[in-house]
Protein chains: 2
Amino acid sequence: MHMRNIATHGPRILEVRITPIAIIDPPLLNAAGLHAPYALRTVMEIVTDDGISGISEIPGNAAINEALASAGDVIRGMDVFQLHPIRRALEQRYGRDATGDRGLTPWDQRKLVHIFSAVEVACMDIIGKVTNRPVVDLLGGKMRDAVPFAAYLFYKPEGAGGELAFGTDPAATGWAAGRQAAAMDPAGIVRQAESMCRHFGFKSIKLKAGVFEPQQETDAIVALHEAFGDDKPLRIDPNGVWCMDTALHYGRLLKPHIEYLEDPVRGQADMAALRQALGIPLATNMCTTSFEELPSSIRQHSEDIILSDHHFWGGLTASMHLAAICKTFGRELSMHSNSHLGISLAAMVHLGAALPDFHHALDTHYPWQSEEIIQGGRLRFEDGAVAVPTGPGLGVELDREALEKLHQHYLSCGLTKRDDEIEMQKIEPGWTFKPVRY
Amino acid sequence: MHMRNIATHGPRILEVRITPIAIIDPPLLNAAGLHAPYALRTVMEIVTDDGISGISEIPGNAAINEALASAGDVIRGMDVFQLHPIRRALEQRYGRDATGDRGLTPWDQRKLVHIFSAVEVACMDIIGKVTNRPVVDLLGGKMRDAVPFAAYLFYKPEGAGGELAFGTDPAATGWAAGRQAAAMDPAGIVRQAESMCRHFGFKSIKLKAGVFEPQQETDAIVALHEAFGDDKPLRIDPNGVWCMDTALHYGRLLKPHIEYLEDPVRGQADMAALRQALGIPLATNMCTTSFEELPSSIRQHSEDIILSDHHFWGGLTASMHLAAICKTFGRELSMHSNSHLGISLAAMVHLGAALPDFHHALDTHYPWQSEEIIQGGRLRFEDGAVAVPTGPGLGVELDREALEKLHQHYLSCGLTKRDDEIEMQKIEPGWTFKPVRY
């Protein structure tokens with residue numbers, strides 16, 4: 001027989017560990033309310049029969065964690081290279097997400113995509129270690145050595161999150177000192193931008209909007225434009241809480257100042273009509289959030305920029321497919337973020353470095369976090385960009401002591417899912433989330 | 001610093017060898033004329049600085065070979081894992097293909113996709129060897145252990161190709177004995193199908209049409225259906241030479257008998273109108289043949305099945321992207337073929353095995369060839385399928401003696417490109433290729 005039979009099988013999954021953690025999160029305002037003092041994340045660790053471990057991080061959610069707990073039963077014994085069969089097995093166990101499962105909040109509540117993202121990234125980490133290559137090389141190779149991110153501005157009251165909210169020295173967490181300041185008006189937003197850009201070197205700026213009257217938020221963009229000139233592209237994200245008339249009115253006012261407008265309204269039909277009327281690029285992580293929704297997005301041209309989040313789109317390779325689809329249909333790909341730590345950031349950086357086309361600095365909440373669970377501490381931004389880790393796999397390793405500490409926070413903080421409405425009610429009694437507010 | 005710096009770089013390209021070969025090809029009739037006694041292929045071998053070599057095979061064409069000769073200058077020194085940067089470098093050197101570059105013939109004449117396909121498959125072979133994994137595992141893992149192909153029937157006069165045409169013992173080439181027979185009518189086609197299915201175990205059947213009056217070709221399909229019952233799905237490919245009225249008329253007659261109709265007419269608009277009128281699945285490798293043409297294909301729904309050919313779509317990973325696009329937009333992916341040897345077949349099998357969804361047996365001309373350039377000789381079909389090679393990389397290695405022999409054939413046969421019209425004129429003086437004949 002002409003075929004050699006050397007690589008009979010690769011490293012097989014022996015153990016899957018799920019560790020929910022809670023990370024200190026500042027009181028950031030958004031369309032859905034207020035960030036709780038802790039944001040939840042879940043760390044997955046896969047260990048193979050030859051003792052190699054791979055890690056991943058996804059948004060934390062008790063319902064997803066419960067499903068994840070049984071994921072080990074599904075994938076144990078499978079070769080980490082067999083990602084298509086692994087995905088198929090998980091689909092069979094958990095069912096495929098329905099489009100409606102996403103929910104109306106700015107964050108995504110689907111189950112399978114999160115589970116598969118956790119498993120895929122951890123497997124890619126292992127594949128990288130086995131092959132002695134960084135994950136970026138498993139995605140087709142490195143188009144850039146560092147990946148640019150945008151400053152992510154939030155309206156916020158004074159104060160920090162978690163323990164810091166209760167008096168711990170904020171100076172210990174670096175930029176956290178700056179984070180204590182309130183930013184409740186355009187001047188506060190400009191100060192926040194100046195601090196964030198000074199500390200991290202960002203060259204693009206995003207404002208999380210949908211919090212105040214659109215006029216105030218538009219004023220903030222104009223103030224940022226005045227403060228930074230044309231040097232730093234600006235973007236604004238009202239998370240879909242504007243009605244069409246509001247979006248039309250403020251979209252016209254914003255047009256001379258912004259790089260793109262993210263999710264001004266809800267639904268592809270309104271996005272398409274708005275885009276047509278305004279003639280400015282629209283971006284989304286709320287109206288088009290799955291492969292199932294792409295055909296109608298393309299047909300209507302509801303957006304110009306799809307903000308992938310590998311946690312929501314089912315992993316890194318799926319995000320590369322999404323990039324290929326965007327390129328084919330004349331769309332652009334960038335990335336969305338939630339509060340996260342370094343494992344997610346490393347995965348985003350590998351993906352961002354592998355994208356054949358790179359149009360917009362990626363989103364990240366990372367500067368708003370102060371903790372880390374990876375060895376060597378927090379990843380650094382240089383000139384607003386994160387260097388692609390050059391070690392095998394993701395290039396980051398778990399700091400088990402730090403992980404255990406944040407797991408204890410999880411156990412003690414009492415949170416089981418993200419609920420920004422309840423947090424908001426603590427400072428503004430009776431406040432309720434409205435999918436369309438203005 | 002938290003990042004380890006182990007995998008500083010991978011194996012770099014040291015040498016690129018291009019070997020044009022000519023393979024014996026029977027006198028197969030098709031819409032563009034007649035296969036010459038030899039089909040041209042080009043073998044690329046890439047050798048890295050650490051002495052690992054990877055191979056690939058593409059359709060042979062003097063113009064593309066000329067470009068390929070300088071590809072070494074472009075990619076020498078590059079890490080084989082850096083496929084995105086390699087593609088970018090080749091794009092910069094050779095320019096991106098224009099849609100019109102494909103040409104009107106059943107085969108594709110674009111330059112960049114062929115060059116990149118050659119380079120990518122050879123690099124994937126090396127990556128597989130370096131990581132000790134079969135190529136299928138580099139494409140996301142193996143969904144099936146063997147990949148089904150279809151019997152590919154051709155109208156043909158009596159006789160074989162190449163040396164065989166000049167009297168060499170046809171029995172030495174296995175199925176070649178059967179290939180000597182003429183198949184110029186439905187009965188001949190049924191006999192060919194019976195022989196081919198008996199020898200290779202195929203479970204699907206494709207008839208290359210566009211040769212005779214559509215009534216005869218339709219009769220052949222009906223005769224095949226009568227001979228094989230519903231056991232073997234049938235497909236027919238007139239290569240676009242039917243006008244709309246002909247396609248409408250014979251499409252209706254064919255409808256009860258076929259799995260799908262391939263390229264009955266030319267152009268997406270006519271394909272879309274025909275599909276609408278007939279209500280049968282249409283397939284293509286002529287109307288939608290590039291990523292650039294996908295948006296209008298999707299918009300008009302001109303086809304149901306895209307027949308990828310990794311040589312035409314720019315490699316294996318690009319074909320996986322195409323599969324993701326097809327799945328997203330409710331299309332199916334299968335594969336097209338030209339006369340080829342085992343390196344191309346191995347690449348097709350790895351790709352076919354990695355496809356998450358597999359709807360239709362793939363096309364292959366392989367049974368019509370009798371030679372091989374890989375060690376151990378020709379790949380085998382069992383029950384119409386080829387087992388996925390399990391060795392690292394493509395799992396096939398060059399037989400240098402056989403390669404040299406077929407290179408000598410190339411030098412002596414005098415052919416520089418495929419031209420089925422000239423061959424046809426040798427048996428039917430004055431015959432000319434017509435893009436639309438019936």
# chains A, B, ... in the order shown; residues from 1 in each chain; ligands from 1

call {"tool": "select_by_dssp", "arguments": {"residues": "segment 260-357 of chain A", "states": "strand (DSSP E or B)", "output": "count of residues only"}}
result
14

call {"tool": "select_by_dssp", "arguments": {"residues": "segment 180-427 of chain A", "states": "alpha helix (DSSP H)", "output": "PyMOL selection string"}}
result
chain A and resi 186-200+214-228+244-254+268-278+294-300+316-328+342-354+400-413+420-427

call {"tool": "residues_around", "arguments": {"residues": "Ile306 of chain B", "least_positions_apart": "2", "cutoff": "10 Å", "atoms": "only C-alpha atoms", "output": "ChimeraX atom specification"}}
result
/B:262,282-289,294,297,303-304,308-309,322-323,326,331-336

call {"tool": "residues_around", "arguments": {"residues": "Lys111 of chain A", "least_positions_apart": "5", "cutoff": "12 Å", "atoms": "only C-alpha atoms", "output": "PyMOL selection string"}}
result
chain A and resi 58-68+71+90-91+93-103+116-118+311-314

call {"tool": "closest_atom_pairs", "arguments": {"of": "chain A", "to": "chain B", "cutoff": "8 Å", "atoms": "only C-alpha atoms", "output": "JSON lines"}}
result
{"residue": "A:Met1", "atom": "CA", "partner": "B:Gly376", "partner_atom": "CA", "distance": 6.4}
{"residue": "A:His2", "atom": "CA", "partner": "B:Gly376", "partner_atom": "CA", "distance": 4.4}
{"residue": "A:Met3", "atom": "CA", "partner": "B:Gly395", "partner_atom": "CA", "distance": 5.9}
{"residue": "A:Arg4", "atom": "CA", "partner": "B:Gly391", "partner_atom": "CA", "distance": 4.6}
{"residue": "A:Asn5", "atom": "CA", "partner": "B:Gly391", "partner_atom": "CA", "distance": 4.8}
{"residue": "A:Ile6", "atom": "CA", "partner": "B:Gly391", "partner_atom": "CA", "distance": 5.5}
{"residue": "A:Ala7", "atom": "CA", "partner": "B:Arg133", "partner_atom": "CA", "distance": 5.6}
{"residue": "A:Thr8", "atom": "CA", "partner": "B:Thr390", "partner_atom": "CA", "distance": 6.8}
{"residue": "A:Gly10", "atom": "CA", "partner": "B:Arg133", "partner_atom": "CA", "distance": 7.9}
{"residue": "A:Phe81", "atom": "CA", "partner": "B:Gly141", "partner_atom": "CA", "distance": 5.8}
{"residue": "A:Gln82", "atom": "CA", "partner": "B:Gly141", "partner_atom": "CA", "distance": 4.0}
{"residue": "A:Leu83", "atom": "CA", "partner": "B:Gly140", "partner_atom": "CA", "distance": 5.2}
{"residue": "A:His84", "atom": "CA", "partner": "B:Gly140", "partner_atom": "CA", "distance": 5.6}
{"residue": "A:Pro85", "atom": "CA", "partner": "B:Met143", "partner_atom": "CA", "distance": 6.0}
{"residue": "A:Val130", "atom": "CA", "partner": "B:Thr131", "partner_atom": "CA", "distance": 7.7}
{"residue": "A:Thr131", "atom": "CA", "partner": "B:Thr131", "partner_atom": "CA", "distance": 5.2}
{"residue": "A:Asn132", "atom": "CA", "partner": "B:Ala7", "partner_atom": "CA", "distance": 5.7}
{"residue": "A:Arg133", "atom": "CA", "partner": "B:Ala7", "partner_atom": "CA", "distance": 5.6}
{"residue": "A:Pro134", "atom": "CA", "partner": "B:Ala7", "partner_atom": "CA", "distance": 7.2}
{"residue": "A:Asp137", "atom": "CA", "partner": "B:Phe81", "partner_atom": "CA", "distance": 5.8}
{"residue": "A:Leu138", "atom": "CA", "partner": "B:Phe81", "partner_atom": "CA", "distance": 7.6}
{"residue": "A:Gly140", "atom": "CA", "partner": "B:Leu83", "partner_atom": "CA", "distance": 5.2}
{"residue": "A:Gly141", "atom": "CA", "partner": "B:Gln82", "partner_atom": "CA", "distance": 4.0}
{"residue": "A:Lys142", "atom": "CA", "partner": "B:Gln82", "partner_atom": "CA", "distance": 6.3}
{"residue": "A:Met143", "atom": "CA", "partner": "B:Pro85", "partner_atom": "CA", "distance": 6.0}
{"residue": "A:Phe291", "atom": "CA", "partner": "B:Thr328", "partner_atom": "CA", "distance": 5.7}
{"residue": "A:Glu292", "atom": "CA", "partner": "B:Thr328", "partner_atom": "CA", "distance": 6.3}
{"residue": "A:Leu294", "atom": "CA", "partner": "B:Thr328", "partner_atom": "CA", "distance": 7.2}
{"residue": "A:Pro295", "atom": "CA", "partner": "B:Phe329", "partner_atom": "CA", "distance": 5.9}
{"residue": "A:Arg299", "atom": "CA", "partner": "B:Arg299", "partner_atom": "CA", "distance": 7.2}
{"residue": "A:His321", "atom": "CA", "partner": "B:His321", "partner_atom": "CA", "distance": 5.4}
{"residue": "A:Ala324", "atom": "CA", "partner": "B:His321", "partner_atom": "CA", "distance": 6.3}
{"residue": "A:Ile325", "atom": "CA", "partner": "B:Ile325", "partner_atom": "CA", "distance": 6.3}
{"residue": "A:Thr328", "atom": "CA", "partner": "B:Phe291", "partner_atom": "CA", "distance": 5.7}
{"residue": "A:Phe329", "atom": "CA", "partner": "B:Pro295", "partner_atom": "CA", "distance": 5.9}
{"residue": "A:Ala354", "atom": "CA", "partner": "B:His84", "partner_atom": "CA", "distance": 7.5}
{"residue": "A:Pro356", "atom": "CA", "partner": "B:His84", "partner_atom": "CA", "distance": 6.2}
{"residue": "A:Gln375", "atom": "CA", "partner": "B:His2", "partner_atom": "CA", "distance": 6.0}
{"residue": "A:Gly376", "atom": "CA", "partner": "B:His2", "partner_atom": "CA", "distance": 4.3}
{"residue": "A:Gly377", "atom": "CA", "partner": "B:His2", "partner_atom": "CA", "distance": 7.1}
{"residue": "A:Pro389", "atom": "CA", "partner": "B:Met3", "partner_atom": "CA", "distance": 6.0}
{"residue": "A:Thr390", "atom": "CA", "partner": "B:Asn5", "partner_atom": "CA", "distance": 5.4}
{"residue": "A:Gly391", "atom": "CA", "partner": "B:Arg4", "partner_atom": "CA", "distance": 4.6}
{"residue": "A:Pro392", "atom": "CA", "partner": "B:Ala7", "partner_atom": "CA", "distance": 6.2}
{"residue": "A:Gly395", "atom": "CA", "partner": "B:Met3", "partner_atom": "CA", "distance": 5.8}
{"residue": "A:Val396", "atom": "CA", "partner": "B:Met3", "partner_atom": "CA", "distance": 6.4}

call {"tool": "closest_residue", "arguments": {"among": "A:Asp399, A:Glu194, A:Glu15, A:Glu45", "to": "Met124 of chain A", "atoms": "only C-alpha atoms"}}
result
A:Glu45

call {"tool": "closest_atom_pairs", "arguments": {"of": "segment 392-435 of chain B", "to": "segment 236-247 of chain B", "cutoff": "12 Å", "atoms": "only C-alpha atoms", "output": "JSON lines"}}
result
{"residue": "B:Phe433", "atom": "CA", "partner": "B:Val241", "partner_atom": "CA", "distance": 9.8}
{"residue": "B:Lys434", "atom": "CA", "partner": "B:Val241", "partner_atom": "CA", "distance": 7.4}
{"residue": "B:Pro435", "atom": "CA", "partner": "B:Val241", "partner_atom": "CA", "distance": 5.6}

call {"tool": "write_last_selection", "arguments": {"atoms": "all heavy atoms", "output": "CSV table (one decimal), in the first residue's frame"}}
result
chain,number,residue,atom,x,y,z
B,433,PHE,N,-15.2,25.2,-32.3
B,433,PHE,CA,-15.9,25.3,-31.0
B,433,PHE,C,-16.9,26.4,-31.0
B,433,PHE,O,-16.7,27.5,-31.5
B,433,PHE,CB,-14.8,25.6,-29.9
B,433,PHE,CG,-15.4,26.0,-28.6
B,433,PHE,CD1,-16.2,25.1,-27.9
B,433,PHE,CD2,-15.2,27.3,-28.1
B,433,PHE,CE1,-16.8,25.5,-26.7
B,433,PHE,CE2,-15.7,27.6,-26.9
B,433,PHE,CZ,-16.5,26.8,-26.2
B,434,LYS,N,-18.1,26.1,-30.6
B,434,LYS,CA,-19.2,27.1,-30.4
B,434,LYS,C,-19.6,27.1,-29.0
B,434,LYS,O,-20.1,26.1,-28.4
B,434,LYS,CB,-20.4,26.7,-31.3
B,434,LYS,CG,-20.1,26.8,-32.8
B,434,LYS,CD,-21.3,26.5,-33.6
B,434,LYS,CE,-21.0,26.4,-35.1
B,434,LYS,NZ,-22.0,25.5,-35.8
B,435,PRO,N,-19.5,28.3,-28.4
B,435,PRO,CA,-19.9,28.4,-27.0
B,435,PRO,C,-21.4,27.9,-26.8
B,435,PRO,O,-21.7,27.4,-25.7
B,435,PRO,CB,-19.8,29.9,-26.7
B,435,PRO,CG,-18.7,30.4,-27.6
B,435,PRO,CD,-19.0,29.6,-28.9

call {"tool": "residues_around", "arguments": {"residues": "Gly51 of chain A", "least_positions_apart": "4", "cutoff": "10 Å", "atoms": "only C-alpha atoms", "output": "list in words"}}
result
Pro11, Arg12, Ile13, Leu14, Glu15, Ile46 and Val47 of chain A

call {"tool": "write_last_selection", "arguments": {"atoms": "N, CA, C and O atoms", "output": "PDB file, in the first residue's frame"}}
result
ATOM      1  N   PRO A  11      -3.442  14.003  19.801  1.00  0.00           N
ATOM      2  CA  PRO A  11      -3.694  14.020  21.237  1.00  0.00           C
ATOM      3  C   PRO A  11      -5.196  13.986  21.509  1.00  0.00           C
ATOM      4  O   PRO A  11      -5.950  14.736  20.895  1.00  0.00           O
ATOM      5  N   ARG A  12      -5.599  13.121  22.389  1.00  0.00           N
ATOM      6  CA  ARG A  12      -7.024  12.969  22.675  1.00  0.00           C
ATOM      7  C   ARG A  12      -7.409  13.686  23.967  1.00  0.00           C
ATOM      8  O   ARG A  12      -6.625  13.781  24.906  1.00  0.00           O
ATOM      9  N   ILE A  13      -8.632  14.147  23.993  1.00  0.00           N
ATOM     10  CA  ILE A  13      -9.119  14.896  25.147  1.00  0.00           C
ATOM     11  C   ILE A  13      -9.349  13.941  26.311  1.00  0.00           C
ATOM     12  O   ILE A  13     -10.102  12.972  26.193  1.00  0.00           O
ATOM     13  N   LEU A  14      -8.660  14.217  27.416  1.00  0.00           N
ATOM     14  CA  LEU A  14      -8.795  13.354  28.592  1.00  0.00           C
ATOM     15  C   LEU A  14      -9.675  14.026  29.634  1.00  0.00           C
ATOM     16  O   LEU A  14     -10.502  13.394  30.280  1.00  0.00           O
ATOM     17  N   GLU A  15      -9.488  15.339  29.786  1.00  0.00           N
ATOM     18  CA  GLU A  15     -10.172  16.028  30.866  1.00  0.00           C
ATOM     19  C   GLU A  15     -10.591  17.420  30.412  1.00  0.00           C
ATOM     20  O   GLU A  15      -9.871  18.064  29.652  1.00  0.00           O
ATOM     21  N   ILE A  46      -8.670  22.235  28.703  1.00  0.00           N
ATOM     22  CA  ILE A  46      -8.728  20.873  28.172  1.00  0.00           C
ATOM     23  C   ILE A  46      -7.352  20.249  28.338  1.00  0.00           C
ATOM     24  O   ILE A  46      -6.339  20.862  28.003  1.00  0.00           O
ATOM     25  N   VAL A  47      -7.331  19.044  28.886  1.00  0.00           N
ATOM     26  CA  VAL A  47      -6.063  18.334  29.057  1.00  0.00           C
ATOM     27  C   VAL A  47      -6.117  17.062  28.218  1.00  0.00           C
ATOM     28  O   VAL A  47      -7.116  16.344  28.223  1.00  0.00           O
TER      29      VAL A  47
END

call {"tool": "residues_around", "arguments": {"residues": "segment 225-230 of chain B", "least_positions_apart": "3", "cutoff": "9 Å", "atoms": "only C-alpha atoms", "output": "number ranges by chain"}}
result
B: 190, 194, 220-222, 233-234, 257-258

call {"tool": "atom_distance", "arguments": {"atom1": "atom CA of Ala353 of chain A", "atom2": "atom CA of Leu112 of chain A"}}
result
25.5 Å

call {"tool": "residues_around", "arguments": {"residues": "Leu224 of chain B", "least_positions_apart": "6", "cutoff": "12 Å", "atoms": "only C-alpha atoms", "output": "count of residues only"}}
result
29

call {"tool": "atom_distance", "arguments": {"atom1": "atom CA of Val16 of chain B", "atom2": "atom CA of His114 of chain B"}}
result
15.2 Å
